[in-house]
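**Q** Got a structure for you, start.tsv, holding TSV, C-alpha atoms and all ligand atoms.
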```tsv
chain	number	residue	atom	x	y	z
P	1	MET	CA	39.57	36.86	-22.68
P	2	ASN	CA	40.43	33.19	-22.30
P	3	TRP	CA	37.04	31.43	-22.39
P	4	ILE	CA	38.45	28.21	-20.98
P	5	LEU	CA	39.80	29.92	-17.87
P	6	PRO	CA	37.23	30.13	-15.03
P	7	ARG	CA	36.85	33.22	-12.87
P	8	GLU	CA	36.04	33.04	-9.18
P	9	ALA	CA	32.69	34.35	-7.99
P	10	VAL	CA	31.50	34.82	-4.41
P	11	VAL	CA	27.99	33.95	-3.23
P	12	VAL	CA	26.43	37.16	-1.92
P	13	ALA	CA	22.94	35.79	-1.19
P	14	VAL	CA	20.89	32.62	-1.58
P	15	LYS	CA	17.10	32.60	-2.04
P	16	THR	CA	14.97	29.48	-1.97
P	17	GLU	CA	12.52	29.68	-4.89
P	18	THR	CA	10.88	26.24	-4.67
P	19	PRO	CA	11.71	23.08	-2.69
P	20	ASP	CA	14.44	22.09	-5.21
P	21	THR	CA	15.42	25.44	-6.75
P	22	LYS	CA	17.55	28.29	-5.43
P	23	THR	CA	18.66	31.65	-6.78
P	24	LEU	CA	22.31	32.49	-6.10
P	25	THR	CA	23.30	36.16	-6.18
P	26	LEU	CA	26.98	36.30	-7.16
P	27	ARG	CA	29.78	38.81	-7.54
P	28	LEU	CA	33.10	38.30	-9.31
P	29	ARG	CA	35.77	37.91	-6.68
P	30	ASN	CA	38.05	40.40	-8.42
P	31	SER	CA	36.13	43.55	-7.47
P	32	HIS	CA	37.46	45.46	-10.52
P	33	GLU	CA	35.60	43.18	-12.90
P	34	ARG	CA	31.93	43.25	-13.82
P	35	LEU	CA	30.18	40.55	-15.81
P	36	ASP	CA	28.14	41.98	-18.70
P	37	PHE	CA	25.80	39.71	-20.63
P	38	LYS	CA	22.59	39.61	-22.66
P	39	PRO	CA	19.28	38.10	-21.47
P	40	GLY	CA	19.25	34.45	-22.60
P	41	GLN	CA	23.02	33.95	-22.35
P	42	PHE	CA	24.56	31.50	-19.88
P	43	ASN	CA	27.65	30.78	-17.82
P	44	MET	CA	29.42	27.47	-17.32
P	45	VAL	CA	29.20	27.33	-13.53
P	46	GLY	CA	31.49	24.99	-11.65
P	47	LEU	CA	32.93	23.78	-8.39
P	48	PRO	CA	36.47	22.38	-8.25
P	49	GLY	CA	36.48	18.60	-7.83
P	50	ILE	CA	32.77	18.36	-8.64
P	51	GLY	CA	32.18	19.61	-12.17
P	52	GLU	CA	30.64	22.29	-14.35
P	53	ALA	CA	27.14	22.86	-15.79
P	54	PRO	CA	25.63	25.43	-18.16
P	55	ILE	CA	23.39	27.78	-16.16
P	56	THR	CA	21.49	30.74	-17.63
P	57	PHE	CA	21.64	34.23	-16.15
P	58	SER	CA	18.38	34.80	-14.30
P	59	SER	CA	18.96	38.51	-13.62
P	60	PRO	CA	19.47	41.43	-16.02
P	61	SER	CA	22.98	42.68	-16.77
P	62	GLY	CA	24.46	46.00	-15.72
P	63	ASN	CA	24.90	45.42	-11.97
P	64	GLU	CA	27.86	44.48	-9.82
P	65	THR	CA	26.06	41.26	-8.97
P	66	PHE	CA	24.39	38.69	-11.23
P	67	GLN	CA	22.05	35.80	-10.50
P	68	HIS	CA	21.75	32.14	-11.41
P	69	THR	CA	18.65	30.12	-10.55
P	70	VAL	CA	19.50	26.44	-10.20
P	71	ARG	CA	17.34	23.33	-9.86
P	72	ALA	CA	19.04	20.45	-8.03
P	73	VAL	CA	18.87	17.48	-10.42
P	74	GLY	CA	22.37	15.91	-10.21
P	75	ARG	CA	25.90	16.14	-8.88
P	76	VAL	CA	26.78	19.71	-9.94
P	77	THR	CA	23.40	21.34	-9.42
P	78	ARG	CA	22.96	19.68	-6.00
P	79	ALA	CA	26.34	21.09	-4.93
P	80	LEU	CA	25.47	24.55	-6.29
P	81	THR	CA	22.15	24.65	-4.45
P	82	ALA	CA	23.94	23.69	-1.21
P	83	LEU	CA	26.19	26.79	-1.33
P	84	LYS	CA	25.94	29.44	1.38
P	85	GLY	CA	26.86	33.13	1.59
P	86	SER	CA	30.65	33.81	1.11
P	87	ASP	CA	31.23	30.44	-0.62
P	88	VAL	CA	33.25	30.63	-3.84
P	89	LEU	CA	32.46	28.99	-7.19
P	90	HIS	CA	33.82	29.23	-10.74
P	91	VAL	CA	32.16	30.86	-13.76
P	92	ARG	CA	33.12	30.89	-17.44
P	93	GLY	CA	31.13	33.06	-19.79
P	94	PRO	CA	28.96	34.72	-20.87
P	95	PHE	CA	28.20	32.28	-23.69
P	96	GLY	CA	25.51	31.96	-26.32
P	97	SER	CA	23.24	34.03	-28.48
P	98	GLY	CA	20.60	35.54	-26.17
P	99	TRP	CA	17.06	36.69	-26.98
P	100	PRO	CA	16.52	39.01	-30.00
P	101	GLU	CA	16.34	42.25	-27.99
P	102	ASP	CA	16.65	44.60	-30.96
P	103	GLU	CA	14.06	42.80	-33.05
P	104	ALA	CA	11.63	42.92	-30.12
P	105	VAL	CA	11.68	46.72	-29.94
P	106	GLY	CA	8.35	48.21	-31.07
P	107	LYS	CA	6.61	44.82	-31.16
P	108	ASN	CA	3.98	43.08	-29.08
P	109	LEU	CA	5.52	40.21	-27.13
P	110	LEU	CA	4.19	36.76	-26.35
P	111	ILE	CA	6.28	35.02	-23.69
P	112	VAL	CA	5.54	31.32	-23.15
P	113	ALA	CA	7.41	29.62	-20.30
P	114	GLY	CA	7.22	26.15	-18.82
P	115	GLY	CA	8.72	25.38	-15.39
P	116	MET	CA	12.43	26.28	-15.27
P	117	GLY	CA	11.95	27.85	-18.73
P	118	MET	CA	11.06	31.07	-16.93
P	119	VAL	CA	14.72	31.40	-15.83
P	120	PRO	CA	16.18	32.70	-19.15
P	121	LEU	CA	13.00	34.69	-19.85
P	122	ARG	CA	13.10	36.58	-16.54
P	123	PRO	CA	16.07	38.86	-17.43
P	124	PHE	CA	14.45	39.60	-20.80
P	125	LEU	CA	11.14	40.52	-19.13
P	126	LEU	CA	12.86	42.65	-16.50
P	127	HIS	CA	14.70	44.47	-19.31
P	128	VAL	CA	11.39	45.03	-21.12
P	129	PHE	CA	9.64	46.38	-18.00
P	130	GLU	CA	12.65	48.63	-17.32
P	131	ASN	CA	12.31	50.03	-20.87
P	132	ARG	CA	8.52	49.69	-21.10
P	133	ILE	CA	7.96	52.51	-23.58
P	134	LYS	CA	9.99	50.75	-26.29
P	135	PHE	CA	7.71	47.70	-26.48
P	136	GLY	CA	4.07	47.01	-27.37
P	137	ARG	CA	1.63	44.82	-25.42
P	138	ILE	CA	3.10	41.99	-23.36
P	139	VAL	CA	1.44	38.64	-22.82
P	140	VAL	CA	3.10	36.18	-20.43
P	141	LEU	CA	1.86	32.57	-20.33
P	142	TYR	CA	3.50	30.49	-17.61
P	143	GLY	CA	2.84	26.86	-16.83
P	144	ALA	CA	4.32	24.78	-14.01
P	145	ARG	CA	3.81	21.24	-12.77
P	146	THR	CA	2.25	22.38	-9.47
P	147	PRO	CA	1.71	25.78	-7.79
P	148	ASP	CA	4.78	25.12	-5.62
P	149	ASP	CA	6.99	24.69	-8.73
P	150	MET	CA	6.18	28.16	-10.07
P	151	LEU	CA	9.26	30.40	-9.95
P	152	PHE	CA	9.43	34.11	-9.08
P	153	ARG	CA	5.78	34.15	-7.87
P	154	ASP	CA	6.04	37.59	-6.23
P	155	GLU	CA	7.53	39.16	-9.35
P	156	VAL	CA	5.00	37.51	-11.63
P	157	THR	CA	2.24	39.15	-9.56
P	158	VAL	CA	3.91	42.54	-10.02
P	159	TRP	CA	4.27	41.97	-13.81
P	160	ALA	CA	0.51	41.27	-14.02
P	161	GLU	CA	-0.15	44.75	-12.63
P	162	GLN	CA	1.94	46.56	-15.29
P	163	ALA	CA	0.27	48.61	-18.03
P	164	ASP	CA	-0.61	46.79	-21.27
P	165	THR	CA	0.41	43.46	-19.77
P	166	LYS	CA	-1.53	40.23	-19.45
P	167	VAL	CA	-0.18	37.37	-17.32
P	168	LEU	CA	-1.92	33.98	-17.40
P	169	LEU	CA	-0.73	31.13	-15.21
P	170	THR	CA	-1.61	27.46	-15.27
P	171	VAL	CA	-0.51	24.32	-13.47
P	172	ASP	CA	-0.66	20.65	-14.48
P	173	GLU	CA	-2.00	19.54	-11.13
P	174	VAL	CA	-2.86	20.85	-7.68
P	175	PRO	CA	-1.61	18.46	-4.97
P	176	VAL	CA	-3.59	18.17	-1.75
P	177	GLY	CA	-2.57	21.02	0.55
P	178	SER	CA	-1.62	23.45	-2.29
P	179	THR	CA	-3.68	26.57	-2.89
P	180	TRP	CA	-4.55	27.45	-6.49
P	181	THR	CA	-7.41	29.46	-7.90
P	182	GLY	CA	-6.19	29.62	-11.53
P	183	PRO	CA	-6.73	27.17	-14.38
P	184	THR	CA	-5.20	23.69	-14.61
P	185	GLY	CA	-3.94	22.30	-17.91
P	186	VAL	CA	-1.04	22.67	-20.27
P	187	VAL	CA	0.25	26.13	-21.14
P	188	THR	CA	-0.90	25.94	-24.78
P	189	GLU	CA	-4.53	25.84	-23.57
P	190	LEU	CA	-4.04	29.52	-22.71
P	191	PHE	CA	-3.57	30.44	-26.40
P	192	ASP	CA	-7.33	30.73	-26.89
P	193	HIS	CA	-7.89	33.29	-24.12
P	194	PRO	CA	-8.98	36.66	-25.53
P	195	GLY	CA	-6.12	39.03	-26.32
P	196	VAL	CA	-3.33	36.44	-26.19
P	197	LEU	CA	-2.46	36.14	-29.87
P	198	LEU	CA	-1.67	39.70	-30.88
P	199	ASP	CA	-0.87	40.97	-34.35
P	200	ASP	CA	2.72	41.93	-35.09
P	201	ALA	CA	3.99	39.92	-32.11
P	202	LEU	CA	7.25	38.14	-31.43
P	203	ALA	CA	6.93	34.86	-29.49
P	204	LEU	CA	9.71	33.82	-27.09
P	205	THR	CA	9.47	30.42	-25.50
P	206	CYS	CA	11.49	28.23	-23.16
P	207	GLY	CA	10.65	25.04	-21.33
P	208	PRO	CA	10.90	21.29	-21.80
P	209	GLU	CA	11.44	20.50	-25.49
P	210	LEU	CA	8.15	18.59	-25.69
P	211	MET	CA	6.30	21.64	-24.38
P	212	MET	CA	8.03	23.87	-26.95
P	213	ARG	CA	7.02	21.43	-29.70
P	214	PHE	CA	3.36	21.98	-28.78
P	215	VAL	CA	3.88	25.73	-28.36
P	216	VAL	CA	5.33	25.95	-31.88
P	217	ARG	CA	2.60	23.70	-33.35
P	218	GLY	CA	-0.11	25.70	-31.56
P	219	LEU	CA	1.23	29.00	-32.83
P	220	LEU	CA	1.70	27.81	-36.42
P	221	LEU	CA	-1.85	26.40	-36.45
P	222	ARG	CA	-3.07	29.85	-35.48
P	223	GLN	CA	-1.17	31.43	-38.42
P	224	PHE	CA	1.66	32.80	-36.23
P	225	PRO	CA	4.67	33.25	-38.58
P	226	ALA	CA	7.56	30.79	-37.97
P	227	SER	CA	10.04	33.63	-38.44
P	228	ARG	CA	8.68	35.32	-35.30
P	229	ILE	CA	9.05	32.36	-32.97
P	230	TYR	CA	12.25	32.15	-30.86
P	231	LEU	CA	13.14	29.19	-28.62
P	232	SER	CA	15.87	28.53	-26.10
P	233	LEU	CA	17.16	24.95	-26.36
P	234	GLU	CA	18.77	22.86	-23.66
P	235	ARG	CA	21.48	20.39	-24.56
P	236	ARG	CA	24.22	18.66	-22.64
P	237	MET	CA	27.40	20.68	-23.14
P	238	ARG	CA	30.93	20.63	-21.79
P	239	CYS	CA	33.08	23.41	-23.22
P	240	GLY	CA	30.68	26.26	-24.05
P	241	VAL	CA	32.87	27.33	-26.97
P	242	ALA	CA	31.90	24.94	-29.82
P	243	GLN	CA	34.98	22.73	-29.42
P	244	CYS	CA	33.80	19.52	-27.75
P	245	GLY	CA	30.80	18.76	-29.99
P	246	HIS	CA	28.52	17.57	-27.16
P	247	CYS	CA	25.76	20.05	-27.95
P	248	GLN	CA	25.87	19.83	-31.75
P	249	ILE	CA	22.50	19.55	-33.51
P	250	GLY	CA	22.62	19.34	-37.30
P	251	PRO	CA	25.05	22.03	-38.44
P	252	LYS	CA	24.83	24.11	-35.25
P	253	TYR	CA	26.34	24.18	-31.78
P	254	VAL	CA	23.75	25.03	-29.13
P	255	CYS	CA	26.43	26.62	-26.91
P	256	GLN	CA	27.65	29.07	-29.55
P	257	ASP	CA	24.91	29.45	-32.19
P	258	GLY	CA	22.18	29.15	-29.51
P	259	PRO	CA	20.80	28.45	-27.02
P	260	VAL	CA	18.26	30.89	-28.51
P	261	PHE	CA	17.27	30.07	-32.09
P	262	CYS	CA	14.64	31.38	-34.46
P	263	TYR	CA	12.29	28.52	-35.32
P	264	THR	CA	12.95	28.94	-39.05
P	265	ASP	CA	16.64	28.18	-38.41
P	266	LEU	CA	16.11	24.88	-36.61
P	267	ARG	CA	12.97	23.55	-38.31
P	268	GLY	CA	13.64	20.07	-39.69
P	269	TRP	CA	16.93	19.44	-37.87
P	270	PRO	CA	17.55	15.89	-36.69
P	271	ASP	CA	17.64	15.12	-32.96
P	272	THR	CA	15.07	17.67	-31.84
P	273	LEU	CA	11.42	17.22	-30.96
P	274	LEU	CA	10.64	20.52	-32.64
W	1	LIG	C1	22.12	26.55	-22.17
W	1	LIG	C2	21.64	25.86	-20.91
W	1	LIG	C3	21.19	26.64	-19.86
W	1	LIG	C4	20.76	26.02	-18.68
W	1	LIG	N1	20.34	26.82	-17.66
W	1	LIG	C5	19.97	26.26	-16.49
W	1	LIG	C6	19.58	27.08	-15.40
W	1	LIG	O1	19.53	28.31	-15.49
W	1	LIG	N2	19.25	26.47	-14.25
W	1	LIG	C7	19.29	25.09	-14.09
W	1	LIG	O2	19.00	24.59	-13.00
W	1	LIG	N3	19.64	24.29	-15.12
W	1	LIG	C8	20.00	24.84	-16.30
W	1	LIG	N4	20.39	24.03	-17.34
W	1	LIG	C9	20.40	22.56	-17.14
W	1	LIG	C10	21.64	22.18	-16.36
W	1	LIG	O3	22.81	22.53	-17.08
W	1	LIG	C11	21.65	20.67	-16.13
W	1	LIG	O4	20.56	20.34	-15.29
W	1	LIG	C12	22.97	20.29	-15.45
W	1	LIG	O5	23.95	20.14	-16.44
W	1	LIG	C13	22.85	19.06	-14.65
W	1	LIG	O6	24.12	18.77	-14.14
W	1	LIG	P1	24.24	17.86	-12.84
W	1	LIG	O7	25.65	17.42	-12.69
W	1	LIG	O8	23.61	18.54	-11.67
W	1	LIG	O9	23.30	16.64	-13.20
W	1	LIG	P2	23.65	15.30	-14.00
W	1	LIG	O10	24.03	14.28	-12.99
W	1	LIG	O11	24.59	15.59	-15.13
W	1	LIG	O12	22.24	14.99	-14.61
W	1	LIG	C14	21.08	14.80	-13.76
W	1	LIG	C15	19.90	14.41	-14.66
W	1	LIG	O13	19.58	15.50	-15.55
W	1	LIG	C16	19.73	15.07	-16.91
W	1	LIG	N5	20.38	16.18	-17.64
W	1	LIG	C17	21.50	16.83	-17.29
W	1	LIG	N6	21.76	17.82	-18.15
W	1	LIG	C18	20.78	17.81	-19.05
W	1	LIG	C19	20.47	18.60	-20.20
W	1	LIG	N7	21.22	19.64	-20.56
W	1	LIG	N8	19.37	18.29	-20.91
W	1	LIG	C20	18.58	17.28	-20.54
W	1	LIG	N9	18.79	16.51	-19.46
W	1	LIG	C21	19.87	16.76	-18.74
W	1	LIG	C22	20.61	13.84	-16.87
W	1	LIG	O14	20.35	12.97	-17.95
W	1	LIG	C23	20.19	13.20	-15.55
W	1	LIG	O15	18.98	12.49	-15.69
W	1	LIG	C24	20.79	24.61	-18.54
W	1	LIG	C25	21.26	23.83	-19.61
W	1	LIG	C26	21.68	24.45	-20.78
W	1	LIG	C27	22.17	23.61	-21.90
```
In structure tokens, how does this file's structure come out?
Ligand SMILES: Cc1cc2nc3c(=O)[nH]c(=O)nc-3n(C[C@H](O)[C@H](O)[C@H](O)COP(=O)(O)OP(=O)(O)OC[C@H]3O[C@@H](n4cnc5c(N)ncnc54)[C@H](O)[C@@H]3O)c2cc1C
**A**
Amino acid sequence: MNWILPREAVVVAVKTETPDTKTLTLRLRNSHERLDFKPGQFNMVGLPGIGEAPITFSSPSGNETFQHTVRAVGRVTRALTALKGSDVLHVRGPFGSGWPEDEAVGKNLLIVAGGMGMVPLRPFLLHVFENRIKFGRIVVLYGARTPDDMLFRDEVTVWAEQADTKVLLTVDEVPVGSTWTGPTGVVTELFDHPGVLLDDALALTCGPELMMRFVVRGLLLRQFPASRIYLSLERRMRCGVAQCGHCQIGPKYVCQDGPVFCYTDLRGWPDTLL
């Protein structure tokens, strides 16, 4: 496999998740190929003449199609979210480390997501629910800026109904005209709800780096072991294969060694808020 060479993918479906975020369902154009990947890995997704951006898989692997959920923030992501069915784009990947699926087996799981941070956690959660018997209790804490920014709302409701699963949602603010009956406040305020901090748990978190800083601090203060906290980092990257150096932090390349890291591996590195 030549990791620099893009493959063509066709847009099969487009779903609007929030006012600025869409989920693209894609299929490799060469129908003999299937893209296999691990939850937490990403593709470099591009459009000729426009550019390329790292985008996480938002669906589980093992199907003919795969999904990317994209928030329009700039040139590439605006073009990606403007695509329609049958349009063609380029993908290179899968890249990166992915969530620690094997280590999670048999353990309780604490999932802490902020905003778009739910995107890489969704395929992991769907994998866990698909193989429910292999895992212990699941706690999902999800915070978004407003109710309208919360991704995958229908699925989140279904997750909350699963056995041995607790889902707690919070938003920073409720704009006039939005409906919200849950709590308001930052996601770490949910740590003190009964039954959230379970023994023998693995914590997986993704969101803005400042949020993850407070998630890590909050967990450590409550005696949660650093070696059981995993984070997915976001960094600007170009190549995806540890050649260009754009995503280097300390001795590591986020594209190749990450984006998922155990907290003990990145504690004390320069250039992170963690
Ligand atoms: C491993 C990884 C996985 C990602 N997965 C997703 C995903 O699933 N869905 C999604 O929508 N986005 C994801 N992103 C972020 C996405 O790659 C960037 O938003 C994208 O590169 C922006 O490109 P652009 O040309 O649209 O915007 P640009 O014009 O390049 O940037 C628009 C604005 O966003 C800021 N910005 C761009 N990239 C980053 C970055 N990596 N970190 C911090 N600020 C940035 C810029 O400073 C600028 O203010 C991921 C990033 C990484 C590193």
**Q** Smallest atom-to-atom distance to ligand LIG 1 (chain W): which of P:Ile249, P:Leu274, P:Leu169, P:Met116, using all atoms listed in the file?
**A**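 The shortest atom-to-atom distance to ligand LIG 1 (chain W) comes from P:Met116.
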**Q** Find the residue from P:Phe66, P:Trp180, P:Phe135, P:Phe152 that sits nearest to Thr18 in chain P; use only C-alpha atoms when measuring.
**A** P:Phe152
**Q** Pick from P:Thr188, P:Ser58, P:Ser178, P:Gln162: nearest to ligand LIG 1 (chain W), with all atoms listed in the file counted?
**A**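 Once distances to ligand LIG 1 (chain W) are computed over all atoms listed in the file, the minimum belongs to P:Ser58.
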**Q** List as an MDAnalysis selection string the protein and nucleic acid residues near Gly245 in chain P, meaning an atom at most 12 Å away when all atoms listed in the file are counted, but skip any in the same chain fewer than 5 places from it.
**A** chainID P and resid 235:240 250:256
**Q** Give me the residues near range 138-148 of chain P as a ChimeraX atom specification, where near means some atom within 7 Å (using only C-alpha atoms) and where sequence neighbours in that chain fewer than 5 positions away do not count.
**A** /P:18,108-115,164-174,178,180,186-187,196
**Q** Please extract the residues at most 6 Å from ligand LIG 1 (chain W), counting all atoms listed in the file, and provide them as a PyMOL selection string, using the chain letters and residue numbers of this document.
**A** chain P and resi 42+53-56+69-71+73-78+119+234-236+259
**Q** Given the choices P:Glu103, P:Arg92, P:Asp149, P:Pro39, which gets closest to Asp20 in chain P if the distance is worked out from all atoms listed in the file?
**A**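 Closest to Asp20 in chain P of all the choices is P:Asp149.
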**Q** Compare P:Pro183, P:Gly117, P:Pro123, P:Gly98 by their minimum atom-to-atom distance to Glu155 in chain P, counting all atoms listed in the file, and give me the closest one.
**A**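 Smallest distance to Glu155 in chain P is found for P:Pro123.
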**Q** Compile the contact shell of Phe37 in chain P as an mmCIF file with C-alpha atoms, in the coordinates of the input: residues with an atom at most 9 Å away, counting all atoms listed in the file, same-chain residues fewer than 6 positions apart removed.
**A**
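Result file follows (around29.cif):
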```cif
data_model
loop_
_atom_site.group_PDB
_atom_site.id
_atom_site.type_symbol
_atom_site.label_atom_id
_atom_site.label_comp_id
_atom_site.auth_asym_id
_atom_site.auth_seq_id
_atom_site.Cartn_x
_atom_site.Cartn_y
_atom_site.Cartn_z
ATOM 1 C CA PHE P 57 21.640 34.230 -16.150
ATOM 2 C CA PRO P 60 19.470 41.430 -16.020
ATOM 3 C CA SER P 61 22.980 42.680 -16.770
ATOM 4 C CA GLY P 62 24.460 46.000 -15.720
ATOM 5 C CA GLY P 93 31.130 33.060 -19.790
ATOM 6 C CA PRO P 94 28.960 34.720 -20.870
ATOM 7 C CA PHE P 95 28.200 32.280 -23.690
ATOM 8 C CA GLY P 98 20.600 35.540 -26.170
#
```
**Q** Looking at P:Asn43, P:Asn131, P:Ser59, P:Ser227, which one is nearest to His90 in chain P, with distances taken over all atoms listed in the file?
**A**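 The shortest atom-to-atom distance to His90 in chain P comes from P:Asn43.
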**Q** Skip Glu209 in chain P itself and residues of its chain fewer than 2 positions away, then list as a ChimeraX atom specification all residues within 8 Å of it, counting all atoms listed in the file.
**A** /P:207,211-213,233-234,272-274
**Q** In file coordinates, which residues lie within 12 Å of (11.9, 33.8, -36.7) using all atoms listed in the file, given as a PDB file with C-alpha atoms, in the frame of the given file?
**A**
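Dumped to part25.pdb:
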```pdb
ATOM      1  CA  TRP P  99      17.060  36.690 -26.980  1.00  0.00           C
ATOM      2  CA  PRO P 100      16.520  39.010 -30.000  1.00  0.00           C
ATOM      3  CA  GLU P 103      14.060  42.800 -33.050  1.00  0.00           C
ATOM      4  CA  ALA P 104      11.630  42.920 -30.120  1.00  0.00           C
ATOM      5  CA  ALA P 201       3.990  39.920 -32.110  1.00  0.00           C
ATOM      6  CA  LEU P 202       7.250  38.140 -31.430  1.00  0.00           C
ATOM      7  CA  ALA P 203       6.930  34.860 -29.490  1.00  0.00           C
ATOM      8  CA  LEU P 204       9.710  33.820 -27.090  1.00  0.00           C
ATOM      9  CA  THR P 205       9.470  30.420 -25.500  1.00  0.00           C
ATOM     10  CA  VAL P 216       5.330  25.950 -31.880  1.00  0.00           C
ATOM     11  CA  LEU P 220       1.700  27.810 -36.420  1.00  0.00           C
ATOM     12  CA  PHE P 224       1.660  32.800 -36.230  1.00  0.00           C
ATOM     13  CA  PRO P 225       4.670  33.250 -38.580  1.00  0.00           C
ATOM     14  CA  ALA P 226       7.560  30.790 -37.970  1.00  0.00           C
ATOM     15  CA  SER P 227      10.040  33.630 -38.440  1.00  0.00           C
ATOM     16  CA  ARG P 228       8.680  35.320 -35.300  1.00  0.00           C
ATOM     17  CA  ILE P 229       9.050  32.360 -32.970  1.00  0.00           C
ATOM     18  CA  TYR P 230      12.250  32.150 -30.860  1.00  0.00           C
ATOM     19  CA  LEU P 231      13.140  29.190 -28.620  1.00  0.00           C
ATOM     20  CA  VAL P 260      18.260  30.890 -28.510  1.00  0.00           C
ATOM     21  CA  PHE P 261      17.270  30.070 -32.090  1.00  0.00           C
ATOM     22  CA  CYS P 262      14.640  31.380 -34.460  1.00  0.00           C
ATOM     23  CA  TYR P 263      12.290  28.520 -35.320  1.00  0.00           C
ATOM     24  CA  THR P 264      12.950  28.940 -39.050  1.00  0.00           C
ATOM     25  CA  ASP P 265      16.640  28.180 -38.410  1.00  0.00           C
ATOM     26  CA  LEU P 266      16.110  24.880 -36.610  1.00  0.00           C
ATOM     27  CA  ARG P 267      12.970  23.550 -38.310  1.00  0.00           C
TER      28      ARG P 267
END
```
